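Trainee: Structure: start38.cif, mmCIF, C-alpha atoms and all ligand atoms.
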data_coords
loop_
_atom_site.label_atom_id
_atom_site.label_comp_id
_atom_site.auth_asym_id
_atom_site.auth_seq_id
_atom_site.Cartn_x
_atom_site.Cartn_y
_atom_site.Cartn_z
CA MET T 1 -44.88 -23.13 217.96
CA THR T 2 -46.45 -26.38 216.79
CA ALA T 3 -49.15 -26.06 219.46
CA LEU T 4 -49.90 -22.52 218.33
CA LEU T 5 -50.07 -23.52 214.67
CA ASP T 6 -52.44 -26.35 215.60
CA VAL T 7 -54.76 -23.85 217.31
CA LEU T 8 -54.63 -21.56 214.28
CA ALA T 9 -55.21 -24.41 211.83
CA ARG T 10 -58.26 -25.60 213.79
CA ARG T 11 -60.02 -22.25 213.34
CA ARG T 12 -62.48 -22.21 210.50
CA SER T 13 -65.70 -20.41 209.75
CA ALA T 14 -69.03 -22.10 210.31
CA SER T 15 -72.33 -21.27 208.59
CA ALA T 16 -74.63 -19.22 210.81
CA LYS T 17 -77.64 -21.24 209.59
CA PHE T 18 -76.14 -24.40 211.08
CA LEU T 19 -75.45 -22.95 214.53
CA VAL T 20 -77.59 -24.26 217.39
CA ALA T 21 -77.46 -24.20 221.19
CA PRO T 22 -75.47 -24.46 223.30
CA GLY T 23 -73.79 -21.15 222.83
CA PRO T 24 -71.03 -19.80 225.06
CA ASP T 25 -71.70 -19.24 228.76
CA GLU T 26 -70.72 -16.11 230.66
CA ALA T 27 -67.27 -17.46 231.58
CA THR T 28 -66.47 -18.27 227.96
CA LEU T 29 -67.60 -14.85 226.78
CA GLY T 30 -65.37 -13.35 229.49
CA GLN T 31 -62.41 -15.36 228.18
CA MET T 32 -63.24 -14.23 224.66
CA LEU T 33 -63.13 -10.59 225.79
CA LYS T 34 -59.84 -11.23 227.60
CA ALA T 35 -58.40 -12.71 224.40
CA ALA T 36 -59.59 -9.68 222.40
CA SER T 37 -58.06 -7.35 224.98
CA LEU T 38 -54.63 -8.90 224.29
CA ALA T 39 -54.57 -7.69 220.68
CA PRO T 40 -51.58 -5.56 219.68
CA ASP T 41 -52.78 -1.97 219.84
CA HIS T 42 -50.64 0.94 218.64
CA GLY T 43 -51.28 3.90 220.95
CA ARG T 44 -53.36 1.67 223.23
CA LEU T 45 -56.54 3.23 221.84
CA VAL T 46 -58.67 0.07 222.22
CA PRO T 47 -60.37 0.81 218.87
CA PHE T 48 -63.07 -1.83 219.22
CA ARG T 49 -65.97 -2.94 221.37
CA PHE T 50 -68.47 -5.79 221.30
CA ILE T 51 -72.23 -5.55 221.58
CA ARG T 52 -74.14 -8.55 222.91
CA ILE T 53 -77.54 -8.91 221.28
CA THR T 54 -79.97 -10.55 223.68
CA GLU T 55 -82.72 -12.98 222.75
CA SER T 56 -85.34 -10.37 223.53
CA SER T 57 -83.72 -7.94 221.05
CA ARG T 58 -83.68 -10.35 218.09
CA ALA T 59 -87.10 -9.40 216.70
CA ARG T 60 -86.26 -5.70 216.90
CA LEU T 61 -82.88 -6.35 215.27
CA ALA T 62 -84.63 -8.21 212.44
CA ASP T 63 -86.78 -5.12 211.80
CA VAL T 64 -83.67 -2.91 211.87
CA PHE T 65 -81.86 -5.18 209.37
CA VAL T 66 -84.85 -5.17 207.02
CA GLU T 67 -84.89 -1.38 207.07
CA ALA T 68 -81.09 -1.32 206.70
CA THR T 69 -81.28 -3.61 203.66
CA ARG T 70 -83.89 -1.31 202.08
CA GLN T 71 -81.53 1.62 202.64
CA ASP T 72 -78.53 -0.29 201.28
CA MET T 73 -80.42 -1.82 198.32
CA PRO T 74 -83.50 0.26 197.47
CA ASP T 75 -84.66 -2.39 194.96
CA ALA T 76 -84.02 -5.32 197.29
CA PRO T 77 -86.32 -8.25 196.44
CA ALA T 78 -88.34 -9.94 199.18
CA SER T 79 -85.76 -12.75 199.32
CA GLU T 80 -83.07 -10.23 200.41
CA LEU T 81 -85.35 -8.92 203.14
CA ASP T 82 -85.90 -12.49 204.35
CA LYS T 83 -82.13 -13.00 204.47
CA ALA T 84 -81.81 -9.77 206.46
CA ARG T 85 -84.22 -11.16 209.05
CA GLU T 86 -82.30 -14.42 209.22
CA LYS T 87 -79.08 -12.56 210.01
CA ALA T 88 -80.73 -11.26 213.17
CA THR T 89 -82.15 -14.59 214.25
CA GLN T 90 -79.46 -17.19 213.47
CA GLY T 91 -77.01 -18.40 216.11
CA PRO T 92 -77.77 -18.97 219.80
CA CYS T 93 -75.37 -16.16 220.67
CA LEU T 94 -74.99 -13.05 218.53
CA LEU T 95 -72.43 -10.30 218.97
CA GLY T 96 -71.65 -7.14 217.06
CA LEU T 97 -68.08 -5.92 216.66
CA VAL T 98 -67.83 -2.14 216.53
CA ALA T 99 -64.64 -0.37 215.43
CA LYS T 100 -63.87 3.03 216.94
CA ILE T 101 -61.50 4.73 214.52
CA ARG T 102 -59.88 8.08 215.25
CA SER T 103 -58.57 10.15 212.35
CA ASP T 104 -56.94 12.91 214.41
CA LEU T 105 -53.78 11.00 215.34
CA PRO T 106 -50.97 11.30 212.76
CA LYS T 107 -48.84 8.76 214.63
CA VAL T 108 -51.61 6.17 214.80
CA PRO T 109 -53.36 6.28 211.42
CA PRO T 110 -56.74 4.60 210.89
CA SER T 111 -55.02 1.68 209.14
CA ASP T 112 -53.17 0.84 212.38
CA GLN T 113 -56.41 0.98 214.32
CA TRP T 114 -58.24 -1.25 211.82
CA LEU T 115 -55.47 -3.80 212.11
CA THR T 116 -56.02 -3.88 215.86
CA VAL T 117 -59.72 -4.49 215.28
CA GLY T 118 -58.82 -7.45 213.05
CA CYS T 119 -56.38 -8.83 215.60
CA ALA T 120 -59.04 -8.55 218.31
CA LEU T 121 -61.49 -10.42 216.09
CA GLU T 122 -58.99 -13.21 215.42
CA ASN T 123 -58.14 -13.49 219.12
CA ALA T 124 -61.86 -13.72 219.93
CA LEU T 125 -62.42 -16.39 217.25
CA LEU T 126 -59.50 -18.45 218.53
CA ALA T 127 -60.65 -18.23 222.15
CA LEU T 128 -64.19 -19.29 221.22
CA GLY T 129 -62.92 -22.10 219.01
CA GLU T 130 -60.66 -23.46 221.72
CA ALA T 131 -63.63 -23.37 224.12
CA GLY T 132 -65.45 -25.64 221.67
CA TYR T 133 -67.72 -23.15 219.91
CA ALA T 134 -68.23 -22.55 216.22
CA THR T 135 -68.33 -19.03 214.84
CA ALA T 136 -69.68 -17.35 211.73
CA ILE T 137 -68.78 -13.78 210.74
CA ARG T 138 -71.13 -11.63 208.69
CA SER T 139 -70.50 -8.21 207.25
CA GLY T 140 -72.08 -6.08 204.56
CA GLY T 141 -73.16 -2.63 203.51
CA TYR T 142 -76.34 -2.85 205.56
CA LEU T 143 -74.26 -2.60 208.75
CA GLU T 144 -73.12 0.92 207.79
CA THR T 145 -76.61 2.28 207.09
CA PRO T 146 -78.39 5.04 209.04
CA ALA T 147 -80.88 2.42 210.29
CA VAL T 148 -78.18 0.39 212.02
CA ARG T 149 -76.22 3.43 213.17
CA ALA T 150 -79.31 4.92 214.80
CA ALA T 151 -80.48 1.65 216.36
CA PHE T 152 -77.13 1.12 218.10
CA GLY T 153 -76.43 4.77 218.78
CA LEU T 154 -73.05 4.64 217.06
CA ALA T 155 -70.78 7.67 217.38
CA ASP T 156 -69.63 9.31 214.14
CA ASN T 157 -66.27 7.51 214.27
CA GLU T 158 -67.78 4.10 215.02
CA HIS T 159 -68.40 1.37 212.42
CA PHE T 160 -70.53 -1.72 212.87
CA THR T 161 -67.83 -3.95 211.43
CA CYS T 162 -69.44 -7.37 211.56
CA LEU T 163 -71.79 -9.75 213.28
CA LEU T 164 -70.40 -12.77 215.08
CA ALA T 165 -72.80 -15.71 215.44
CA ILE T 166 -71.55 -18.25 217.98
CA GLY T 167 -72.87 -21.69 218.81
CA THR T 168 -72.58 -25.40 218.14
CA ALA T 169 -72.30 -26.43 214.49
CA THR T 170 -74.59 -29.18 213.19
CA ASP T 171 -72.90 -29.02 209.80
CA TRP T 172 -69.84 -27.29 208.32
CA PRO T 173 -69.10 -25.74 204.94
CA PRO T 174 -66.07 -27.17 203.13
CA ALA T 175 -62.75 -25.99 204.61
CA LYS T 176 -61.41 -23.02 202.67
CA PRO T 177 -58.11 -23.33 200.82
CA LYS T 178 -55.27 -21.33 202.33
CA PRO T 179 -52.37 -19.70 200.49
CA GLU T 180 -49.06 -21.51 200.19
CA ALA T 181 -47.13 -20.22 203.20
CA ALA T 182 -43.85 -19.82 201.30
CA SER T 183 -45.61 -17.54 198.78
CA LEU T 184 -46.31 -14.96 201.48
CA MET T 185 -42.79 -13.54 201.72
CA SER T 186 -40.36 -12.11 199.20
CA ILE T 187 -36.72 -11.27 199.64
CA TRP T 188 -35.59 -7.66 199.29
C1 LIG R 201 -64.15 -9.00 208.51
C2 LIG R 201 -64.74 -10.28 207.97
C3 LIG R 201 -66.02 -10.26 207.43
C4 LIG R 201 -66.60 -11.43 206.94
N1 LIG R 201 -67.86 -11.40 206.40
C5 LIG R 201 -68.43 -12.52 205.94
C6 LIG R 201 -69.74 -12.50 205.38
O1 LIG R 201 -70.40 -11.47 205.31
N2 LIG R 201 -70.26 -13.67 204.93
C7 LIG R 201 -69.56 -14.85 205.01
O2 LIG R 201 -70.08 -15.87 204.59
N3 LIG R 201 -68.30 -14.90 205.54
C8 LIG R 201 -67.73 -13.77 206.00
N4 LIG R 201 -66.47 -13.81 206.55
C9 LIG R 201 -65.79 -15.10 206.69
C10 LIG R 201 -64.85 -15.36 205.51
O3 LIG R 201 -65.62 -15.60 204.36
C11 LIG R 201 -63.97 -16.54 205.87
O4 LIG R 201 -63.10 -16.18 206.92
C12 LIG R 201 -63.13 -17.00 204.66
O5 LIG R 201 -63.97 -17.60 203.69
C13 LIG R 201 -62.05 -18.00 205.04
O6 LIG R 201 -62.62 -19.12 205.67
P1 LIG R 201 -62.16 -19.58 207.12
O7 LIG R 201 -62.60 -18.49 208.10
O8 LIG R 201 -62.87 -20.87 207.35
O9 LIG R 201 -60.68 -19.69 207.12
C14 LIG R 201 -65.88 -12.64 207.01
C15 LIG R 201 -64.58 -12.65 207.55
C16 LIG R 201 -64.02 -11.48 208.02
C17 LIG R 201 -62.63 -11.51 208.62
#
Go ahead and render the structure in this file as structure tokens.
Ligand SMILES: Cc1cc2nc3c(=O)[nH]c(=O)nc-3n(C[C@H](O)[C@H](O)[C@H](O)COP(=O)(O)O)c2cc1C
Mentor:
Amino acid sequence: MTALLDVLARRRSASAKFLVAPGPDEATLGQMLKAASLAPDHGRLVPFRFIRITESSRARLADVFVEATRQDMPDAPASELDKAREKATQGPCLLGLVAKIRSDLPKVPPSDQWLTVGCALENALLALGEAGYATAIRSGGYLETPAVRAAFGLADNEHFTCLLAIGTATDWPPAKPKPEAASLMSIW
């Protein structure tokens, strides 16, 4: 238990702007996928998948994110469009996490499936962290826009949940405070 808590306590979010090479190699990405595959999964629906964004796709992704930001924020200032470009270019390795949520299963409601997506994300973060890589998650309304949906050919029940930038951190943001563990449970 102590070893597990140590692993969990070591995980923390990096800033994508401070991620440089090296990023994970093929073997590490394979271990990350294995970790994600071990997530608890009611109905065994596997309600998630990862998309690997290659170096040669970054410029195109930047254009997609600029268009997505315009769709999400019609009055977006130029600074927001610059940030949208940065989201596509930061991090030596960039993944997308897509949720595949079915709403036709009364015994496995969407909330169960979303929890599996979150568990898969945490497993992936832990595996990458233990392999020595820093990770930064990014989400936002722009990921649910028609521009992004069309670019990635998402099915109607798929959601581009977040970006995962992975690499080596040259600097870290301050560690985030965590809730008092004893406050997380009541007696009934
Ligand atoms: C689904 C999800 C989406 C997130 N999106 C963002 C984001 O858009 N921008 C950001 O700076 N951090 C994002 N984060 C990271 C959280 O801000 C971070 O986990 C939180 O501040 C706690 O810090 P820690 O990860 O170091 O424990 C996201 C985390 C999750 C789980």
Trainee: Can you pull out every residue with an atom within 7 Å of ligand LIG 201 (chain R)? Use only C-alpha atoms and all ligand atoms and format it as a list in words.
Mentor: Arg11, Arg12, Ser13, Ala14, Ala136, Ile137, Arg138, Ser139, Gly140, Thr161, Cys162, Ala175 and Lys176 of chain T
Trainee: Filtering to C-alpha atoms, could you give me those residues as a PDB file, in the frame of the given file?
Mentor:
ATOM      1  CA  ARG T  11     -60.020 -22.250 213.340  1.00  0.00           C
ATOM      2  CA  ARG T  12     -62.480 -22.210 210.500  1.00  0.00           C
ATOM      3  CA  SER T  13     -65.700 -20.410 209.750  1.00  0.00           C
ATOM      4  CA  ALA T  14     -69.030 -22.100 210.310  1.00  0.00           C
ATOM      5  CA  ALA T 136     -69.680 -17.350 211.730  1.00  0.00           C
ATOM      6  CA  ILE T 137     -68.780 -13.780 210.740  1.00  0.00           C
ATOM      7  CA  ARG T 138     -71.130 -11.630 208.690  1.00  0.00           C
ATOM      8  CA  SER T 139     -70.500  -8.210 207.250  1.00  0.00           C
ATOM      9  CA  GLY T 140     -72.080  -6.080 204.560  1.00  0.00           C
ATOM     10  CA  THR T 161     -67.830  -3.950 211.430  1.00  0.00           C
ATOM     11  CA  CYS T 162     -69.440  -7.370 211.560  1.00  0.00           C
ATOM     12  CA  ALA T 175     -62.750 -25.990 204.610  1.00  0.00           C
ATOM     13  CA  LYS T 176     -61.410 -23.020 202.670  1.00  0.00           C
TER      14      LYS T 176
END
Trainee: For Ile53 (chain T), which of T:Gly96, T:Gly30, T:Pro146, T:Pro77 is the closest residue, counting only C-alpha atoms?
Mentor: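 Ranked by minimum distance to Ile53 (chain T), first place goes to T:Gly96.
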Trainee: What is the CA of Val20 (chain T) to CA of Ala62 (chain T) distance in Å?
Mentor: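 Going from CA of Val20 (chain T) over to CA of Ala62 (chain T), I get 18.2 Å.
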Trainee: Neighbouring residues of Gly23 (chain T) were defined as those with any atom within 7 Å, considering all atoms listed in the file; residues of the same chain fewer than 2 positions away were excluded. Please report them as a ChimeraX atom specification.
Mentor: /T:21,25,92-93,166-168
Trainee: Counting all atoms listed in the file, figure out which residue out of T:Ala155, T:Ala76, T:Ala134, T:Ala36 gets nearest to Trp172 (chain T).
Mentor: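 Using all atoms listed in the file, Trp172 (chain T) sits closest to T:Ala134.
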Trainee: Between CA of Ala9 (chain T) and CA of Met32 (chain T), what is the distance in Å, rounded to a tenth?
Mentor: 18.2 Å
Trainee: Taking (-56.8, -3.6, 211.3) in the file's coordinates as the center, which residues reach within 12 Å of it, counting all atoms listed in the file, put as number ranges by chain?
Mentor: T: 39-42, 46-48, 99-101, 108-122, 161
